[in-house]
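Source file input.cif; content: mmCIF, C-alpha atoms and all ligand atoms.
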```
data_my_file
#
loop_
_atom_site.group_PDB
_atom_site.id
_atom_site.type_symbol
_atom_site.label_atom_id
_atom_site.label_comp_id
_atom_site.auth_asym_id
_atom_site.auth_seq_id
_atom_site.Cartn_x
_atom_site.Cartn_y
_atom_site.Cartn_z
ATOM 1 C CA MET A 1 -61.092 -28.459 17.798
ATOM 2 C CA GLN A 2 -57.808 -27.463 19.441
ATOM 3 C CA THR A 3 -55.255 -25.546 17.399
ATOM 4 C CA ASN A 4 -52.245 -26.878 19.270
ATOM 5 C CA GLU A 5 -51.259 -28.724 22.385
ATOM 6 C CA LYS A 6 -50.416 -25.596 24.346
ATOM 7 C CA ASP A 7 -53.954 -24.260 23.842
ATOM 8 C CA ALA A 8 -55.367 -27.512 25.186
ATOM 9 C CA GLN A 9 -53.257 -27.143 28.323
ATOM 10 C CA GLY A 10 -54.920 -24.090 29.757
ATOM 11 C CA GLY A 11 -54.693 -21.286 27.282
ATOM 12 C CA ARG A 12 -51.172 -19.928 27.611
ATOM 13 C CA ASP A 13 -50.836 -19.395 23.883
ATOM 14 C CA ILE A 14 -53.823 -17.145 23.565
ATOM 15 C CA ARG A 15 -54.017 -15.115 20.385
ATOM 16 C CA VAL A 16 -57.678 -14.430 19.616
ATOM 17 C CA ALA A 17 -59.744 -11.670 21.205
ATOM 18 C CA VAL A 18 -63.476 -11.061 20.928
ATOM 19 C CA ILE A 19 -64.779 -7.492 21.074
ATOM 20 C CA PRO A 20 -68.582 -7.268 21.226
ATOM 21 C CA VAL A 21 -69.870 -4.118 19.519
ATOM 22 C CA ALA A 22 -73.459 -5.096 18.760
ATOM 23 C CA GLY A 23 -75.169 -3.288 21.667
ATOM 24 C CA LYS A 24 -78.049 -0.920 20.961
ATOM 25 C CA GLY A 25 -76.407 2.059 22.654
ATOM 26 C CA THR A 26 -79.633 2.936 24.469
ATOM 27 C CA ARG A 27 -77.863 5.285 26.896
ATOM 28 C CA TRP A 28 -76.602 7.397 24.001
ATOM 29 C CA LYS A 29 -79.893 7.920 22.179
ATOM 30 C CA PRO A 30 -80.614 9.869 20.038
ATOM 31 C CA ILE A 31 -76.963 9.954 18.839
ATOM 32 C CA THR A 32 -76.942 6.173 18.381
ATOM 33 C CA ARG A 33 -79.889 6.283 15.992
ATOM 34 C CA SER A 34 -77.306 7.244 13.369
ATOM 35 C CA VAL A 35 -73.846 6.785 14.922
ATOM 36 C CA PRO A 36 -72.787 3.613 16.770
ATOM 37 C CA LYS A 37 -71.547 4.474 20.264
ATOM 38 C CA GLU A 38 -68.289 2.627 19.514
ATOM 39 C CA LEU A 39 -67.479 5.312 16.953
ATOM 40 C CA LEU A 40 -67.966 8.236 19.325
ATOM 41 C CA PRO A 41 -64.675 10.066 19.715
ATOM 42 C CA VAL A 42 -62.478 9.783 22.758
ATOM 43 C CA TRP A 43 -59.970 12.529 22.213
ATOM 44 C CA ARG A 44 -58.573 11.877 18.702
ATOM 45 C CA ARG A 45 -59.829 8.351 18.092
ATOM 46 C CA THR A 46 -62.970 6.275 18.322
ATOM 47 C CA SER A 47 -63.871 4.905 21.737
ATOM 48 C CA ALA A 48 -63.642 1.257 20.602
ATOM 49 C CA SER A 49 -60.176 1.689 19.117
ATOM 50 C CA TYR A 50 -58.663 1.695 22.609
ATOM 51 C CA ALA A 51 -59.847 -1.859 23.393
ATOM 52 C CA PHE A 52 -58.565 -2.889 19.959
ATOM 53 C CA GLU A 53 -55.197 -1.315 20.689
ATOM 54 C CA GLU A 54 -55.079 -2.979 24.107
ATOM 55 C CA ALA A 55 -55.625 -6.418 22.522
ATOM 56 C CA VAL A 56 -53.017 -5.826 19.834
ATOM 57 C CA THR A 57 -50.383 -4.531 22.244
ATOM 58 C CA ALA A 58 -51.089 -7.498 24.541
ATOM 59 C CA GLY A 59 -49.937 -9.691 21.655
ATOM 60 C CA PHE A 60 -53.285 -10.781 20.209
ATOM 61 C CA ASP A 61 -53.187 -11.136 16.446
ATOM 62 C CA GLU A 62 -56.747 -12.088 15.630
ATOM 63 C CA ILE A 63 -59.646 -9.870 16.624
ATOM 64 C CA ILE A 64 -63.263 -10.925 16.188
ATOM 65 C CA PHE A 65 -65.848 -8.169 16.334
ATOM 66 C CA VAL A 66 -69.379 -9.249 17.193
ATOM 67 C CA ILE A 67 -71.544 -6.780 15.321
ATOM 68 C CA SER A 68 -75.255 -6.328 14.701
ATOM 69 C CA PRO A 69 -76.575 -6.222 11.130
ATOM 70 C CA ASP A 70 -77.141 -2.451 11.372
ATOM 71 C CA LYS A 71 -73.631 -1.689 12.693
ATOM 72 C CA LEU A 72 -71.449 -2.846 9.816
ATOM 73 C CA GLY A 73 -69.848 0.610 9.936
ATOM 74 C CA VAL A 74 -68.026 -0.316 13.144
ATOM 75 C CA PHE A 75 -66.326 -3.227 11.404
ATOM 76 C CA GLU A 76 -65.558 -1.100 8.381
ATOM 77 C CA HIS A 77 -63.909 1.435 10.665
ATOM 78 C CA PHE A 78 -61.477 -1.222 11.884
ATOM 79 C CA LEU A 79 -60.843 -2.554 8.401
ATOM 80 C CA ARG A 80 -59.820 0.947 7.371
ATOM 81 C CA PHE A 81 -57.949 1.732 10.567
ATOM 82 C CA ASP A 82 -54.349 1.288 9.549
ATOM 83 C CA ALA A 83 -50.848 2.074 10.572
ATOM 84 C CA SER A 84 -50.804 5.415 8.760
ATOM 85 C CA ASP A 85 -53.797 6.571 10.865
ATOM 86 C CA LEU A 86 -51.785 5.709 13.895
ATOM 87 C CA SER A 87 -48.678 7.539 12.921
ATOM 88 C CA ALA A 88 -50.864 10.591 12.332
ATOM 89 C CA HIS A 89 -52.253 10.272 15.829
ATOM 90 C CA PHE A 90 -49.304 9.170 17.895
ATOM 91 C CA ILE A 91 -47.125 7.129 19.391
ATOM 92 C CA ASP A 92 -45.437 3.888 19.208
ATOM 93 C CA GLN A 93 -44.018 2.375 16.074
ATOM 94 C CA SER A 94 -44.021 -1.116 17.550
ATOM 95 C CA TRP A 95 -47.805 -1.011 17.794
ATOM 96 C CA ALA A 96 -48.102 0.134 14.213
ATOM 97 C CA ASP A 97 -46.024 -2.881 13.188
ATOM 98 C CA LEU A 98 -48.199 -5.196 15.221
ATOM 99 C CA HIS A 99 -51.312 -3.805 13.628
ATOM 100 C CA GLU A 100 -50.070 -4.969 10.263
ATOM 101 C CA ARG A 101 -50.010 -8.539 11.504
ATOM 102 C CA VAL A 102 -53.518 -8.522 12.948
ATOM 103 C CA LYS A 103 -56.315 -10.456 11.331
ATOM 104 C CA ILE A 104 -59.733 -8.852 11.766
ATOM 105 C CA ARG A 105 -63.038 -10.632 11.348
ATOM 106 C CA ALA A 106 -66.657 -9.971 12.141
ATOM 107 C CA CYS A 107 -69.496 -12.223 13.138
ATOM 108 C CA ILE A 108 -73.090 -11.139 13.283
ATOM 109 C CA GLN A 109 -75.351 -11.168 16.318
ATOM 110 C CA GLU A 110 -78.793 -11.096 14.714
ATOM 111 C CA GLN A 111 -80.668 -10.335 17.920
ATOM 112 C CA GLN A 112 -79.364 -8.402 20.899
ATOM 113 C CA LEU A 113 -80.028 -10.987 23.586
ATOM 114 C CA GLY A 114 -77.237 -10.029 25.987
ATOM 115 C CA LEU A 115 -73.463 -10.154 26.427
ATOM 116 C CA GLY A 116 -73.394 -13.939 26.919
ATOM 117 C CA HIS A 117 -75.293 -14.403 23.679
ATOM 118 C CA ALA A 118 -72.919 -12.037 21.847
ATOM 119 C CA ILE A 119 -69.912 -14.090 22.962
ATOM 120 C CA LEU A 120 -71.664 -17.314 21.959
ATOM 121 C CA CYS A 121 -72.079 -15.882 18.443
ATOM 122 C CA ALA A 122 -68.260 -15.927 18.132
ATOM 123 C CA GLU A 123 -67.976 -19.644 18.949
ATOM 124 C CA GLN A 124 -67.403 -20.788 15.387
ATOM 125 C CA ASP A 125 -64.709 -18.192 14.732
ATOM 126 C CA VAL A 126 -62.978 -18.857 18.052
ATOM 127 C CA ASN A 127 -62.851 -22.433 16.835
ATOM 128 C CA GLY A 128 -61.904 -24.285 19.999
ATOM 129 C CA ARG A 129 -59.091 -21.938 21.033
ATOM 130 C CA PRO A 130 -58.596 -20.058 24.301
ATOM 131 C CA PHE A 131 -59.648 -16.457 23.832
ATOM 132 C CA ALA A 132 -60.048 -13.063 25.450
ATOM 133 C CA VAL A 133 -63.059 -10.776 25.695
ATOM 134 C CA LEU A 134 -62.735 -7.003 25.849
ATOM 135 C CA LEU A 135 -65.723 -4.742 26.434
ATOM 136 C CA PRO A 136 -64.921 -1.526 24.582
ATOM 137 C CA ASP A 137 -66.988 0.674 26.927
ATOM 138 C CA GLU A 138 -64.066 0.384 29.288
ATOM 139 C CA VAL A 139 -61.018 2.385 28.354
ATOM 140 C CA LEU A 140 -58.045 1.436 30.515
ATOM 141 C CA MET A 141 -55.017 3.680 30.716
ATOM 142 C CA GLN A 142 -52.795 0.656 31.461
ATOM 143 C CA ASN A 143 -52.987 -2.665 29.638
ATOM 144 C CA GLY A 144 -55.305 -4.785 31.800
ATOM 145 C CA LEU A 145 -55.633 -7.642 29.335
ATOM 146 C CA LYS A 146 -51.898 -8.289 29.346
ATOM 147 C CA THR A 147 -52.031 -9.090 33.080
ATOM 148 C CA LEU A 148 -54.605 -11.858 32.488
ATOM 149 C CA VAL A 149 -53.029 -13.802 29.662
ATOM 150 C CA SER A 150 -50.682 -16.061 31.654
ATOM 151 C CA LYS A 151 -53.460 -16.750 34.187
ATOM 152 C CA THR A 152 -56.188 -17.894 31.772
ATOM 153 C CA PRO A 153 -59.002 -18.299 32.624
ATOM 154 C CA ALA A 154 -58.954 -14.963 34.370
ATOM 155 C CA VAL A 155 -60.934 -11.789 34.842
ATOM 156 C CA LEU A 156 -59.885 -8.251 35.684
ATOM 157 C CA LEU A 157 -61.449 -6.903 38.883
ATOM 158 C CA MET A 158 -61.706 -3.569 40.628
ATOM 159 C CA GLU A 159 -63.113 -2.540 43.970
ATOM 160 C CA VAL A 160 -66.265 -0.433 43.738
ATOM 161 C CA PRO A 161 -68.157 1.649 46.315
ATOM 162 C CA PHE A 162 -71.190 0.026 47.969
ATOM 163 C CA GLU A 163 -73.836 1.832 45.907
ATOM 164 C CA GLN A 164 -72.154 0.948 42.602
ATOM 165 C CA ARG A 165 -72.287 -2.813 43.150
ATOM 166 C CA ALA A 166 -75.636 -2.972 41.352
ATOM 167 C CA ASN A 167 -73.955 -1.799 38.118
ATOM 168 C CA TYR A 168 -71.532 -4.713 37.752
ATOM 169 C CA GLY A 169 -70.985 -8.422 37.915
ATOM 170 C CA ILE A 170 -69.710 -8.999 41.476
ATOM 171 C CA VAL A 171 -67.535 -11.923 42.557
ATOM 172 C CA LYS A 172 -67.336 -13.953 45.721
ATOM 173 C CA CYS A 173 -63.633 -14.586 46.186
ATOM 174 C CA GLU A 174 -60.708 -15.524 48.405
ATOM 175 C CA LYS A 175 -57.357 -13.728 48.378
ATOM 176 C CA LEU A 176 -54.487 -15.959 47.231
ATOM 177 C CA PRO A 177 -50.920 -15.620 48.580
ATOM 178 C CA SER A 178 -49.922 -14.218 45.163
ATOM 179 C CA GLY A 179 -52.258 -11.237 45.670
ATOM 180 C CA ASP A 180 -54.687 -12.505 43.022
ATOM 181 C CA LEU A 181 -58.138 -13.747 43.949
ATOM 182 C CA ARG A 182 -59.700 -17.163 43.600
ATOM 183 C CA ILE A 183 -63.233 -16.736 42.331
ATOM 184 C CA ASP A 184 -65.785 -18.982 44.010
ATOM 185 C CA ASP A 185 -69.006 -17.500 42.703
ATOM 186 C CA LEU A 186 -70.367 -14.569 40.686
ATOM 187 C CA VAL A 187 -73.589 -12.614 40.512
ATOM 188 C CA GLU A 188 -74.681 -10.158 37.831
ATOM 189 C CA LYS A 189 -75.710 -6.715 39.114
ATOM 190 C CA PRO A 190 -76.877 -7.691 42.602
ATOM 191 C CA ALA A 191 -78.665 -5.339 44.987
ATOM 192 C CA PRO A 192 -75.726 -3.746 46.894
ATOM 193 C CA GLU A 193 -76.706 -5.344 50.210
ATOM 194 C CA LEU A 194 -76.803 -8.805 48.594
ATOM 195 C CA ALA A 195 -73.459 -8.495 46.799
ATOM 196 C CA PRO A 196 -70.931 -11.125 47.943
ATOM 197 C CA SER A 197 -68.048 -8.589 47.940
ATOM 198 C CA SER A 198 -67.039 -5.201 46.608
ATOM 199 C CA TYR A 199 -64.975 -6.695 43.748
ATOM 200 C CA ALA A 200 -66.534 -5.954 40.377
ATOM 201 C CA ILE A 201 -65.817 -7.459 36.993
ATOM 202 C CA THR A 202 -64.308 -4.964 34.598
ATOM 203 C CA GLY A 203 -64.636 -5.737 30.912
ATOM 204 C CA ARG A 204 -61.533 -7.903 30.424
ATOM 205 C CA TYR A 205 -61.699 -11.687 30.508
ATOM 206 C CA THR A 206 -59.741 -14.684 29.257
ATOM 207 C CA PHE A 207 -61.362 -18.086 28.828
ATOM 208 C CA THR A 208 -60.700 -21.583 27.650
ATOM 209 C CA PRO A 209 -63.188 -22.601 24.940
ATOM 210 C CA GLU A 210 -65.230 -24.654 27.443
ATOM 211 C CA ILE A 211 -66.980 -21.416 28.419
ATOM 212 C CA PHE A 212 -69.164 -22.003 25.340
ATOM 213 C CA ASP A 213 -70.546 -25.188 26.940
ATOM 214 C CA HIS A 214 -71.793 -22.994 29.763
ATOM 215 C CA LEU A 215 -73.232 -20.333 27.455
ATOM 216 C CA ARG A 216 -75.242 -22.706 25.265
ATOM 217 C CA ASN A 217 -78.791 -23.201 26.529
ATOM 218 C CA LEU A 218 -78.284 -20.665 29.304
ATOM 219 C CA PRO A 219 -81.634 -19.195 30.385
ATOM 220 C CA PRO A 220 -82.024 -15.398 30.418
ATOM 221 C CA GLY A 221 -80.769 -13.846 33.632
ATOM 222 C CA HIS A 222 -80.547 -10.263 34.862
ATOM 223 C CA HIS A 223 -82.633 -7.869 32.760
ATOM 224 C CA GLY A 224 -84.006 -10.832 30.746
ATOM 225 C CA GLU A 225 -80.641 -11.162 28.948
ATOM 226 C CA ILE A 226 -78.218 -14.051 28.464
ATOM 227 C CA GLN A 227 -75.435 -13.078 30.830
ATOM 228 C CA LEU A 228 -71.764 -13.968 30.513
ATOM 229 C CA THR A 229 -71.538 -13.757 34.314
ATOM 230 C CA ASP A 230 -74.109 -16.572 34.668
ATOM 231 C CA ALA A 231 -72.080 -18.848 32.393
ATOM 232 C CA MET A 232 -68.932 -18.031 34.425
ATOM 233 C CA LYS A 233 -70.767 -19.128 37.557
ATOM 234 C CA THR A 234 -70.929 -22.791 36.475
ATOM 235 C CA TYR A 235 -67.676 -22.620 34.462
ATOM 236 C CA THR A 236 -65.654 -21.596 37.529
ATOM 237 C CA GLN A 237 -66.769 -24.704 39.397
ATOM 238 C CA ILE A 238 -64.816 -26.734 36.830
ATOM 239 C CA HIS A 239 -62.146 -24.325 35.521
ATOM 240 C CA SER A 240 -60.990 -22.128 38.365
ATOM 241 C CA ILE A 241 -61.063 -18.457 37.289
ATOM 242 C CA THR A 242 -58.366 -16.178 38.676
ATOM 243 C CA GLY A 243 -59.346 -12.640 39.588
ATOM 244 C CA VAL A 244 -56.627 -10.074 38.911
ATOM 245 C CA LEU A 245 -56.947 -6.669 40.557
ATOM 246 C CA PHE A 246 -56.608 -3.682 38.268
ATOM 247 C CA ASP A 247 -54.947 -0.772 39.998
ATOM 248 C CA GLY A 248 -54.751 1.586 37.040
ATOM 249 C CA THR A 249 -57.141 4.196 35.676
ATOM 250 C CA ARG A 250 -60.361 3.102 34.003
ATOM 251 C CA HIS A 251 -62.882 5.250 32.157
ATOM 252 C CA ASP A 252 -66.409 4.014 31.483
ATOM 253 C CA VAL A 253 -66.960 5.615 28.088
ATOM 254 C CA GLY A 254 -70.480 4.189 27.997
ATOM 255 C CA GLN A 255 -71.329 7.183 30.227
ATOM 256 C CA PRO A 256 -71.028 10.904 29.428
ATOM 257 C CA MET A 257 -68.713 11.511 32.389
ATOM 258 C CA GLY A 258 -66.394 8.661 31.321
ATOM 259 C CA LEU A 259 -66.269 9.909 27.756
ATOM 260 C CA LEU A 260 -65.180 13.308 29.057
ATOM 261 C CA THR A 261 -62.615 12.027 31.599
ATOM 262 C CA ALA A 262 -61.082 9.648 29.042
ATOM 263 C CA SER A 263 -60.774 12.438 26.488
ATOM 264 C CA LEU A 264 -59.203 14.734 29.075
ATOM 265 C CA ASP A 265 -56.790 12.041 30.212
ATOM 266 C CA PHE A 266 -55.591 11.443 26.641
ATOM 267 C CA ALA A 267 -55.569 15.142 25.827
ATOM 268 C CA LEU A 268 -53.315 15.863 28.794
ATOM 269 C CA ARG A 269 -50.886 13.196 27.508
ATOM 270 C CA ASP A 270 -50.936 14.429 23.924
ATOM 271 C CA PRO A 271 -47.647 16.238 23.256
ATOM 272 C CA GLN A 272 -49.268 18.473 20.649
ATOM 273 C CA TYR A 273 -52.175 19.685 22.795
ATOM 274 C CA LYS A 274 -51.441 19.050 26.448
ATOM 275 C CA ASP A 275 -50.300 22.583 27.293
ATOM 276 C CA ALA A 276 -53.243 24.211 25.574
ATOM 277 C CA VAL A 277 -55.697 21.807 27.239
ATOM 278 C CA ARG A 278 -54.158 22.339 30.675
ATOM 279 C CA ASP A 279 -54.321 26.126 30.258
ATOM 280 C CA TYR A 280 -57.932 25.974 29.158
ATOM 281 C CA VAL A 281 -58.968 23.732 32.057
ATOM 282 C CA LYS A 282 -57.185 26.044 34.519
ATOM 283 C CA LYS A 283 -58.997 29.027 33.015
ATOM 284 C CA LEU A 284 -62.333 27.276 33.279
ATOM 285 C CA ILE A 285 -61.759 26.376 36.908
ATOM 286 C CA ALA A 286 -60.582 29.885 37.784
ATOM 287 C CA ALA A 287 -63.754 31.304 36.279
ATOM 288 C CA GLN A 288 -66.031 29.114 38.470
HETATM 289 C C1 LIG A 301 -71.110 -5.986 31.650
HETATM 290 C C2 LIG A 301 -71.088 -7.292 32.454
HETATM 291 C C3 LIG A 301 -70.818 -7.004 33.929
HETATM 292 C C4 LIG A 301 -69.527 -6.233 34.066
HETATM 293 C C5 LIG A 301 -69.605 -4.936 33.225
HETATM 294 C C6 LIG A 301 -68.276 -4.227 33.223
HETATM 295 O O1 LIG A 301 -72.240 -5.227 32.038
HETATM 296 O O2 LIG A 301 -72.317 -7.951 32.282
HETATM 297 O O3 LIG A 301 -70.706 -8.211 34.641
HETATM 298 O O4 LIG A 301 -69.290 -5.905 35.431
HETATM 299 O O5 LIG A 301 -69.938 -5.232 31.863
HETATM 300 O O6 LIG A 301 -68.394 -3.018 32.562
HETATM 301 P P1 LIG A 301 -72.782 -3.961 31.163
HETATM 302 O O7 LIG A 301 -72.038 -2.779 31.663
HETATM 303 O O8 LIG A 301 -72.502 -4.274 29.741
HETATM 304 O O9 LIG A 301 -74.249 -3.880 31.467
#
```

Represent the structure of the file as structure tokens.
Amino acid sequence: MQTNEKDAQGGRDIRVAVIPVAGKGTRWKPITRSVPKELLPVWRRTSASYAFEEAVTAGFDEIIFVISPDKLGVFEHFLRFDASDLSAHFIDQSWADLHERVKIRACIQEQQLGLGHAILCAEQDVNGRPFAVLLPDEVLMQNGLKTLVSKTPAVLLMEVPFEQRANYGIVKCEKLPSGDLRIDDLVEKPAPELAPSSYAITGRYTFTPEIFDHLRNLPPGHHGEIQLTDAMKTYTQIHSITGVLFDGTRHDVGQPMGLLTASLDFALRDPQYKDAVRDYVKKLIAAQ
């Protein structure tokens, strides 16, 4: 079902974002036996709140969290996360206003069968509209999602070193005169020497609802999981996906190093603490 004519014409009026938060958090065990990784702190907020903020500031007013039955706390966190929390933490009144307008929902992924499966769980709530996907393990210091919206369907890309190609979905692509890339094919976590390029998918996507046709009945792919990248492979043959290069700073907070660099980055921008943090870091380095 289409919500309006504009949606049917390629997703310009795109308002709904899906944030999957059902993962098992294997890399963060044993912490994740009791605390979902999405609630680990990055500086003064939870790691997943940055993806949420990115969606809201990009103009999205409906956020669907895909949660697992044992991670209801993540959804609760967002239900309770309100404008007064924000004013205590920082920044921008316009974002606090936007937050008031946002509708938050959750859908349950009963079994953790992969990212593609998680997105498929949101099909009913997306309800035939174009939508975005944000993976909250990626904290971007500039709004990457915003750059995709007018190009839907689109994906945010970054160049990665040879040995890191096996950690990402990698695209085969052609440069367009606009500087964006036309995606011809995709492969999930290839061996570096088999990767079709050095352009990796970061965790920001926009789709038309037809992506669900490519997710349904998809066989398990890499790591025995239902992969979003595999669905994009057949989808892009029909609905050309634009690759947009991200040239900002990205922290992978799914990794200890990323959690630290993201926290430092925010700390050094925090008017209340930046001087103290800078002094402490300088002292630490001097003592090496
Ligand atoms: C997922 C996607 C992968 C993408 C990556 C970005 O992998 O499957 O294509 O490059 O996110 O972070 P994950 O890191 O969840 O294994």

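Neighbouring residues of ligand LIG 301 (chain A) at a cut-off of 6 Å, counting only C-alpha atoms and all ligand atoms, are Tyr168, Gly169, Glu188, Ala200, Ile201, Thr202, Gly203 and Thr229 of chain A.
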
Under the rule of at most 12 Å, produce a per-residue listing of stretch 131-188 of chain A near stretch 100-123 of chain A: chain, number, name, the closest pair of atoms, and the distance in Å, as a tab-separated table, using all atoms listed in the file.
```
residue	atom	partner	partner_atom	distance
A:Phe131	CA	A:Glu123	CA	10.2
A:Ala132	CA	A:Ile119	CA	10.2
A:Val133	CA	A:Ile119	CA	8.1
A:Leu134	CA	A:Ile119	CA	10.5
A:Leu135	CA	A:Leu115	CA	9.4
A:Gly169	CA	A:Leu115	CA	11.9
A:Glu188	CA	A:Leu115	CA	11.5
```

* Tell me which of A:Gly23, A:Gly59, A:Gly144, A:Pro69 sits closest to A:Leu245, counting all atoms listed in the file. =>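 So, comparing all the options, the nearest one is A:Gly144.
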
* List the neighbours of A:Ile19 out to 8 Å using all atoms listed in the file; skip same-chain residues closer than 4 positions along the sequence, and give me the result as JSON, numbers by chain. => {"A": [51, 52, 63, 64, 65, 66, 133, 134, 135, 136]}

* Just the residues within 8 Å of A:Val244, please, counting only C-alpha atoms, with nothing from its chain fewer than 5 positions along; format it as a list in words. =>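 Counting only the stated atoms, we get Thr147, Leu148, Ala154, Val155, Leu156, Leu157, Asp180 and Leu181 of chain A.
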
* Asked: Do you have the atom CA of A:Pro196-atom CA of A:Asp252 distance handy?
  -> 22.8 Å

* What is the distance between atom CA of A:Glu138 and atom CA of A:Gln255, in Å to one decimal? ->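 Computed distance, atom CA of A:Glu138 to atom CA of A:Gln255, equals 10.0 Å.
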
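What separates atom CA of A:Asn127 from atom CA of A:Thr152 is a distance of 17.0 Å.
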
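With only C-alpha atoms as the basis for measurement, A:Pro161 is the residue among A:Gly254, A:Pro36, A:Pro153, A:Pro161 that approaches A:Ser197 most closely.
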
* Asked: Between A:Lys233, A:His77, A:His251, A:Arg44, which has the minimum distance to A:Leu186 (counting all atoms listed in the file)?
  -> A:Lys233

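Counting all atoms listed in the file, the residue from A:Glu76, A:Asp230, A:Asp275, A:Asp61 that sits nearest to A:Ile170 is A:Asp230.
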
Restore all heavy atoms in stretch 196-202 of chain A and list the result as a PDB file, in the coordinates of the input.
```pdb
ATOM      1  N   PRO A 196     -71.835 -10.301  47.131  1.00  0.00           N
ATOM      2  CA  PRO A 196     -70.931 -11.125  47.943  1.00  0.00           C
ATOM      3  C   PRO A 196     -69.603 -10.445  48.279  1.00  0.00           C
ATOM      4  O   PRO A 196     -68.854 -10.938  49.107  1.00  0.00           O
ATOM      5  CB  PRO A 196     -70.702 -12.361  47.067  1.00  0.00           C
ATOM      6  CG  PRO A 196     -71.003 -11.920  45.669  1.00  0.00           C
ATOM      7  CD  PRO A 196     -72.021 -10.832  45.759  1.00  0.00           C
ATOM      8  N   SER A 197     -69.285  -9.332  47.632  1.00  0.00           N
ATOM      9  CA  SER A 197     -68.048  -8.589  47.940  1.00  0.00           C
ATOM     10  C   SER A 197     -68.137  -7.222  47.263  1.00  0.00           C
ATOM     11  O   SER A 197     -69.185  -6.867  46.695  1.00  0.00           O
ATOM     12  CB  SER A 197     -66.806  -9.322  47.411  1.00  0.00           C
ATOM     13  OG  SER A 197     -66.705  -9.162  46.001  1.00  0.00           O
ATOM     14  N   SER A 198     -67.044  -6.488  47.318  1.00  0.00           N
ATOM     15  CA  SER A 198     -67.039  -5.201  46.608  1.00  0.00           C
ATOM     16  C   SER A 198     -66.176  -5.295  45.348  1.00  0.00           C
ATOM     17  O   SER A 198     -65.833  -4.287  44.748  1.00  0.00           O
ATOM     18  CB  SER A 198     -66.522  -4.102  47.532  1.00  0.00           C
ATOM     19  OG  SER A 198     -65.279  -4.487  48.052  1.00  0.00           O
ATOM     20  N   TYR A 199     -65.805  -6.521  44.944  1.00  0.00           N
ATOM     21  CA  TYR A 199     -64.975  -6.695  43.748  1.00  0.00           C
ATOM     22  C   TYR A 199     -65.845  -6.876  42.507  1.00  0.00           C
ATOM     23  O   TYR A 199     -66.615  -7.827  42.403  1.00  0.00           O
ATOM     24  CB  TYR A 199     -64.032  -7.882  43.909  1.00  0.00           C
ATOM     25  CG  TYR A 199     -62.979  -7.642  44.952  1.00  0.00           C
ATOM     26  CD1 TYR A 199     -63.006  -8.329  46.164  1.00  0.00           C
ATOM     27  CD2 TYR A 199     -61.969  -6.717  44.736  1.00  0.00           C
ATOM     28  CE1 TYR A 199     -62.040  -8.097  47.134  1.00  0.00           C
ATOM     29  CE2 TYR A 199     -61.002  -6.477  45.707  1.00  0.00           C
ATOM     30  CZ  TYR A 199     -61.043  -7.161  46.889  1.00  0.00           C
ATOM     31  OH  TYR A 199     -60.094  -6.919  47.849  1.00  0.00           O
ATOM     32  N   ALA A 200     -65.697  -5.952  41.589  1.00  0.00           N
ATOM     33  CA  ALA A 200     -66.534  -5.954  40.377  1.00  0.00           C
ATOM     34  C   ALA A 200     -65.725  -6.405  39.170  1.00  0.00           C
ATOM     35  O   ALA A 200     -64.513  -6.157  39.076  1.00  0.00           O
ATOM     36  CB  ALA A 200     -67.063  -4.543  40.129  1.00  0.00           C
ATOM     37  N   ILE A 201     -66.430  -7.045  38.253  1.00  0.00           N
ATOM     38  CA  ILE A 201     -65.817  -7.459  36.993  1.00  0.00           C
ATOM     39  C   ILE A 201     -65.679  -6.234  36.106  1.00  0.00           C
ATOM     40  O   ILE A 201     -66.648  -5.514  35.862  1.00  0.00           O
ATOM     41  CB  ILE A 201     -66.728  -8.481  36.263  1.00  0.00           C
ATOM     42  CG1 ILE A 201     -66.974  -9.711  37.135  1.00  0.00           C
ATOM     43  CG2 ILE A 201     -66.149  -8.855  34.914  1.00  0.00           C
ATOM     44  CD1 ILE A 201     -68.019 -10.667  36.558  1.00  0.00           C
ATOM     45  N   THR A 202     -64.461  -5.981  35.639  1.00  0.00           N
ATOM     46  CA  THR A 202     -64.308  -4.964  34.598  1.00  0.00           C
ATOM     47  C   THR A 202     -64.364  -5.724  33.265  1.00  0.00           C
ATOM     48  O   THR A 202     -64.369  -6.948  33.256  1.00  0.00           O
ATOM     49  CB  THR A 202     -62.966  -4.222  34.709  1.00  0.00           C
ATOM     50  OG1 THR A 202     -61.955  -5.112  34.279  1.00  0.00           O
ATOM     51  CG2 THR A 202     -62.682  -3.764  36.112  1.00  0.00           C
TER      52      THR A 202
END
```
